[in-house]
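Below is one structure; the comments refer to it alone.
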Amino acid sequence: MEGRQLRPIYDALELPDTKYAEEECEKLLRKHPNHYGAQSIKAFILARSGRPNEALLLGQSVLNTPSAMASAHVQQGLSLAFRALGRPREEIMVYTAALSFSPNDESLHTKVFKTAARNSMFKEQHHAAIQLSKLSKQQKYVWWLVVSLFLQAKHSKDDVSAPVQLKLAERLVEKAVTDGQLTSTEELRVYLDVLDIQDKHEQMAEVMADNGQLAAMISNDPDLVTQRINLFIKIGAYDKAIMAAIAALESRDNWADYKLYIEAVVTLVGQAADAEAKHSLVAGISSNFEKWAGVRGKARGAKLAQVALATRMHEAGHGDIVGSPEALIWDYLTEFQQKAICYSDIMQFIVARREPSVLEYHQAQLEQRLPAARDSATNSDDAAQAWVNLEKIRYLLQALMGETDPKAWMAGIEPLLKFGLGSSQARKKQPSCSDMAFIASQRIIQAAFLAYSAADQREQLHSALFKALCVLESGIQLNDNSFLLKLYAIRLYLYLSCYERAQTIYDTLRIKHVQLDTLGHLIIGHGMALGCFALDMELCYNGVTFYDRFQSKMPRDIEAVYQQGTYSNVQDFLEFQSNIVHSVQRECTHRYALRGEGYEYGNAKETLARWEEADVSSIEHSEQTLSALHDNRDVSVMGLLTPKDMAQWDLELLTQSTPIPGHDFIRAFSLVPQVMHYLVCADIESLQEKLSELTLVVDNTNDTLSRQDVLFVRGIIDVGSLYIQASDPQNEIDDQLSRLLSVIRTNLPSNELDPSLFSLSSDGIRNLSAAAELFTYMLALKHALSAQRLPAANAVGLALSQLRKEALKSVNTLRGWVDKNTRALVEEQWLAENDDDIFADVKRFVVGSQKQTTSMVTKACTTSWLRSVKNLLSQWEKCSS
């Protein structure tokens with residue numbers, strides 16, 4: 001009967017047609033007001049429709065009716081409602097209430113377990129696992145209990161109960177081993193984790209012994225083999241570690257095993273009593289490396305291990321035994337320089353020893369090889385790759401030797417450009433040509449920042465970076481799959497305030513899913529800073545959608561781990577889930593989305609309602625919550641040819657147009673909506689408190705916010721202060737109002753002076769965007785004063801009306817100037833004949849053989865600037881006091 005009554009609702013949800021499903025619910029409830037199945041499904045529909053308060057109220061009402069919980073339809077609808085609301089405790093209460101009618105229902109106990117597991121409710125998970133192990137003899141429930149005990153102990157703050165839980169888990173596993181019930185490597189890993197967290201490393205070694213009961217299982221799992229070697233090192237059994245490493249490396253080529261082998265040998269060399277013992281140890285490992293170097297499929301790993309051994313021995317003070325790592329580095333290069341990964345292999349070892357004499361040795365070796373490699377590059381793909389690797393080393397050595405002369409960085413740039421962009425190999429899309437174009441662009445960028453580091457040289461810097469952009473775009477034209485060329489093109493376009501083209505290139509990267517968290521920082525937020533807030537908002541919403549979907553998908557993956565018995569993934573999944581849910585980029589993306597909504601135009605009623613209804617409590621942050629955030633953003637994707645500890649040669653850092661947003665940004669743009677909420681709600685006390693917090697943030701940013709963000713935040717503080725002053729009709733507001741208006745006027749284009757290409761490509765558009773954004777918040781202030789019938793509303797309204805007229809005039813003038821003059825100015829100033837000699841070769845190349853691409857870049861810049869200015873003009877036109 002109940003199922004037939006609910007069938008139309010289920011059918012509507014399957015379509016899916018949420019609106020029709022709700023109508024069917026209402027129809028059934030009009031006939032049967034106490035139909036708990038319909039009420040529970042309606043709670044789910046309300047949760048899915050963005051009405052959480054109504055959903056929670058209705059759901060709790062049904063949950064508090066014990067008799068209703070006997071129905072499977074109620075259980076299903078209510079559990080889905082609480083899951084959609086993110087209320088796991090209430091979801092468990094649904095199953096617990098249902099268990100009062102069917103205490104031995106295994107499926108209900110399983111649902112309790114999985115709900116607790118996907119929400120890191122380890123205590124509840126543990127109790128559910130106990131019930132399941134009592135109800136059923138299935139061995140998987142024993143392992144669910146073991147994992148639950150382990151997780152509860154690991155995350156417990158109770159120093160008394162945790163050891164007890166771990167001991168119980170250990171006994172359960174030991175019994176499983178005795179009974180022959182430990183049958184998979186996944187279960188073995190759980191056993192090892194339980195021992196490891198108790199620091200029972202000796203016992204772990206016994207479990208993992210070659211002649212142990214589980215030896216066959218271990219030998220067939222490469223990760224466990226490596227773990228065994230590492231375990232022997234951890235307990236000081238270096239001889240056993242060496243034997244285990246040798247056995248492993250005889251049958252496979254694993255870099256982690258090489259590193260552990262080396263570490264064990266170096267440690268024993270340090271402990272050896274005499275020189276003979278030291279030499280014997282080194283001779284043994286060297287002999288093995290030589291042997292493996294002759295085995296097909298192992299040569300590269302074994303040769304690189306020789307370099308690693310020599311480097312590690314020098315670090316430990318035993319360099320006299322092994323000789324020079326540098327000679328081995330160049331031996332390795334001779335053999336493997338035709339491989340694209342060669343530079344990545346040896347970079348770490350060159351960087352490890354930066355003494356002048358060592359760097360001079362590398363430089364001498366490079367100078368001997370580079371001319372021949374350059375001359376033979378067109379002979380074959382392998383020869384071309386060998387030259388690429390040597391050019392990367394040349395770049396690295398210049399940085400390590402502290403080269404600051406831009407002319408030295410530009411030396412030999414012409415052959416790189418011709419091969420990377422103008423050769424027949426480039427037209428055939430040979431990978432080494434894209435690499436060479438990338439190296440050439442990095443040299444140009446590096447030279448530009450070294451040549452024009454002073455504040456009064458930024459116009460020349462922009463000219464040089466424009467040429468680098470032409471090189472990057474030429475490379476992209478030849479190889480549209482080059483991720484690195486596109487990343488640097490995005491960076492330079494944003495540096496020159498050209499958002500539209502940067503965003504277009506970003507779209508071609510097809511960044512999605514978790515990459516929105518690791519790489520979203522490359523573009524998100526830049527559109528708002530450059531007047532393209534609509535495009536930016538779309539990216540923000542894509543990010544917000546990813547985070548929302550992740551929160552619903554990841555728990556299902558955690559459930560699957562238990563169902564499939566892949567227990568070693570539990571901790572990784574929980575950590576991954578925590579890192580994404582508590583992600584710095586997630587918070588930044590949400591703040592940009594909120595910021596964009598505040599920027600959107602609306603009439604007085606809509607504007608006030610938006611701020612009044614804002615859920616400000618959910619975006620509050622404390623030092624504790626900020627410190628819990630995890631920064632997953634990946635800056636290593638920039639393909640740096642130098643180590644990260646060299647700021648002057650760190651192109652990822654140098655090409656940032658604004659600071660990457662972090663804690664200060666999150667804190668500031670969590671407080672801005674709170675300020676506006678309390679302003680609109682006339683809560684003076686809370687407003688003063690939030691203004692004080694915001695002032696503290698902006699006064700202590702230490703360059704972690706962009707200049708325009710600081711300008712805007714200080715403007716919001718002035719808006720809040722002006723409101724407080726105006727809330728008392730007896731107070732004068734003229735000085736404060738004039739000061740605030742002056743901030744906006746100062747950042748508008750001047751009607752008296754002609755704009756310049758440099759001002760446009762540096763701060764001009766950014767300042768104008770900040771001024772327009774601040775103006776929208778001043779309009780909200782005016783609407784709040786009017787709604788509260790405060791006398792100051794009239795004065796503020798008249799001042800804003802006059803300011804808007806001035807802004808429209810100046811921005812419209814700027815639009816005409818950009819449309820008419822910028823293309824010619826780029827050609828006259830950034831590609832001029834009298835350009836600096838440092839970049840003369842690059843200029844000749846880009847205006848010669850790459851003329852078409854250079855014209856495209858010129859058009860992309862001018863079009864991007866024009867689009868930004870038009871967007872800002874439209875924003876000023878929409879804003880009306």
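Just remember, in the structure tokens the first chain shown is A, the second B, etc., residues are 1-based per chain, and ligands are 1-based in the order shown.
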Give one line per residue of range 756-832 of chain A that approaches range 694-711 of chain A to at most 7 Å, naming the two atoms of the closest pair and their distance in Å to one decimal, counting only C-alpha atoms; sort by chain then ascending residue number and deliver it as a Markdown table.
```
| residue | atom | partner | partner_atom | distance |
| --- | --- | --- | --- | --- |
| A:Arg766 | CA | A:Gln708 | CA | 6.7 |
| A:Asn767 | CA | A:Gln708 | CA | 6.2 |
| A:Ala770 | CA | A:Gln708 | CA | 6.0 |
```
Please produce a file of those selected residues containing all heavy atoms, as a PDB file, in the first residue's frame.
```
ATOM      1  N   ARG A 766      43.704  46.984 -13.436  1.00  0.00           N
ATOM      2  CA  ARG A 766      43.514  46.438 -12.080  1.00  0.00           C
ATOM      3  C   ARG A 766      42.971  47.516 -11.130  1.00  0.00           C
ATOM      4  O   ARG A 766      42.065  47.252 -10.329  1.00  0.00           O
ATOM      5  CB  ARG A 766      44.833  45.877 -11.554  1.00  0.00           C
ATOM      6  CG  ARG A 766      45.368  44.711 -12.362  1.00  0.00           C
ATOM      7  CD  ARG A 766      46.713  44.200 -11.840  1.00  0.00           C
ATOM      8  NE  ARG A 766      47.284  43.230 -12.752  1.00  0.00           N
ATOM      9  CZ  ARG A 766      46.959  41.934 -12.775  1.00  0.00           C
ATOM     10  NH1 ARG A 766      46.080  41.481 -11.902  1.00  0.00           N
ATOM     11  NH2 ARG A 766      47.521  41.101 -13.635  1.00  0.00           N
ATOM     12  N   ASN A 767      43.530  48.715 -11.216  1.00  0.00           N
ATOM     13  CA  ASN A 767      43.044  49.802 -10.360  1.00  0.00           C
ATOM     14  C   ASN A 767      41.599  50.166 -10.684  1.00  0.00           C
ATOM     15  O   ASN A 767      40.776  50.398  -9.791  1.00  0.00           O
ATOM     16  CB  ASN A 767      43.924  51.041 -10.528  1.00  0.00           C
ATOM     17  CG  ASN A 767      45.322  50.835  -9.969  1.00  0.00           C
ATOM     18  OD1 ASN A 767      45.568  49.911  -9.191  1.00  0.00           O
ATOM     19  ND2 ASN A 767      46.253  51.686 -10.369  1.00  0.00           N
ATOM     20  N   ALA A 770      39.282  47.535  -9.263  1.00  0.00           N
ATOM     21  CA  ALA A 770      39.126  47.690  -7.813  1.00  0.00           C
ATOM     22  C   ALA A 770      38.207  48.865  -7.491  1.00  0.00           C
ATOM     23  O   ALA A 770      37.376  48.785  -6.573  1.00  0.00           O
ATOM     24  CB  ALA A 770      40.492  47.883  -7.154  1.00  0.00           C
TER      25      ALA A 770
END
```
| request: Compile the contact shell of Ile321 in chain A as a ChimeraX atom specification: residues with an atom at most 12 Å away, counting only C-alpha atoms, same-chain residues fewer than 6 positions apart removed. | output: /A:266,269-270,275-283,286,309-314
So that I have them on file, write out the residues from the current selection with N, CA and C atoms, as a tab-separated table (two decimals), in the first residue's frame.
```
chain	number	residue	atom	x	y	z
A	266	VAL	N	76.06	3.22	3.24
A	266	VAL	CA	76.71	4.44	3.74
A	266	VAL	C	76.71	4.45	5.27
A	269	VAL	N	79.34	2.04	6.43
A	269	VAL	CA	80.67	2.62	6.19
A	269	VAL	C	81.03	3.57	7.33
A	270	GLY	N	80.06	4.35	7.76
A	270	GLY	CA	80.30	5.26	8.87
A	270	GLY	C	80.57	4.55	10.17
A	275	ALA	N	89.64	1.08	7.51
A	275	ALA	CA	89.52	1.45	6.10
A	275	ALA	C	89.21	0.24	5.22
A	276	GLU	N	89.76	-0.92	5.58
A	276	GLU	CA	89.54	-2.11	4.77
A	276	GLU	C	88.06	-2.48	4.73
A	277	ALA	N	87.40	-2.38	5.89
A	277	ALA	CA	85.97	-2.71	5.97
A	277	ALA	C	85.16	-1.70	5.15
A	278	LYS	N	85.54	-0.43	5.24
A	278	LYS	CA	84.83	0.59	4.48
A	278	LYS	C	84.93	0.32	2.97
A	279	HIS	N	86.20	0.04	2.53
A	279	HIS	CA	86.42	-0.20	1.10
A	279	HIS	C	85.70	-1.45	0.64
A	280	SER	N	85.63	-2.46	1.50
A	280	SER	CA	84.96	-3.70	1.15
A	280	SER	C	83.46	-3.48	0.92
A	281	LEU	N	82.86	-2.68	1.78
A	281	LEU	CA	81.43	-2.38	1.63
A	281	LEU	C	81.16	-1.64	0.32
A	282	VAL	N	82.00	-0.64	0.05
A	282	VAL	CA	81.80	0.14	-1.17
A	282	VAL	C	82.08	-0.70	-2.41
A	283	ALA	N	83.09	-1.55	-2.32
A	283	ALA	CA	83.41	-2.42	-3.46
A	283	ALA	C	82.25	-3.35	-3.76
A	286	SER	N	79.38	-1.31	-5.36
A	286	SER	CA	79.80	-0.84	-6.68
A	286	SER	C	79.82	-1.98	-7.69
A	309	LEU	N	75.24	7.01	-5.14
A	309	LEU	CA	76.15	6.47	-4.12
A	309	LEU	C	77.32	7.43	-3.88
A	310	ALA	N	77.94	7.87	-4.95
A	310	ALA	CA	79.09	8.76	-4.81
A	310	ALA	C	78.68	10.07	-4.14
A	311	THR	N	77.53	10.61	-4.53
A	311	THR	CA	77.04	11.86	-3.94
A	311	THR	C	76.77	11.69	-2.45
A	312	ARG	N	76.11	10.58	-2.11
A	312	ARG	CA	75.77	10.33	-0.70
A	312	ARG	C	77.02	10.10	0.13
A	313	MET	N	78.00	9.44	-0.44
A	313	MET	CA	79.26	9.20	0.29
A	313	MET	C	79.98	10.52	0.56
A	314	HIS	N	79.96	11.41	-0.39
A	314	HIS	CA	80.57	12.73	-0.18
A	314	HIS	C	79.81	13.50	0.91
```
| message | Could you list, as a ChimeraX atom specification, every residue within 10 Å of Ala209 in chain A, counting only C-alpha atoms and ignoring same-chain residues fewer than 3 positions away? | response | /A:203-206,212-215,218,228,240,244
Just C-alpha atoms for this one: save the residues we selected as a CSV table (one decimal), in the first residue's frame.
```
chain,number,residue,atom,x,y,z
A,203,GLN,CA,58.0,-7.8,15.5
A,204,MET,CA,57.3,-6.4,12.1
A,205,ALA,CA,60.7,-7.7,11.0
A,206,GLU,CA,59.7,-11.2,12.2
A,212,GLY,CA,58.2,-16.5,7.7
A,213,GLN,CA,54.6,-17.7,7.1
A,214,LEU,CA,53.8,-14.7,5.0
A,215,ALA,CA,57.1,-14.6,2.9
A,218,ILE,CA,55.5,-10.3,0.6
A,228,ARG,CA,60.8,-4.7,4.4
A,240,LYS,CA,69.7,-7.6,6.4
A,244,ALA,CA,67.0,-7.8,1.1
```
| said: What's around Gln165 in chain A at 12 Å? Count only C-alpha atoms, leave out sequence neighbours fewer than 3 positions away in its own chain, and write the answer as a PyMOL selection string. | reply: chain A and resi 122-123+126+145-156+158-162+168-172+194+197-198
Counting only C-alpha atoms, which residues of range 493-587 of chain A sit at most 9 Å from some atom of range 613-631 of chain A, and what is each one's closest atom pair with its distance in Å to one decimal, listed by chain and rising residue number, as a tab-separated table?
```
residue	atom	partner	partner_atom	distance
A:Thr518	CA	A:Asp631	CA	8.6
A:Ser578	CA	A:His630	CA	8.4
A:Asn579	CA	A:His630	CA	5.5
A:Ile580	CA	A:His630	CA	7.7
A:Val581	CA	A:Leu629	CA	8.7
A:His582	CA	A:Leu629	CA	4.9
A:Ser583	CA	A:His630	CA	4.9
A:Val584	CA	A:Asp631	CA	5.1
A:Gln585	CA	A:Asp631	CA	7.0
A:Glu587	CA	A:Leu629	CA	8.8
```
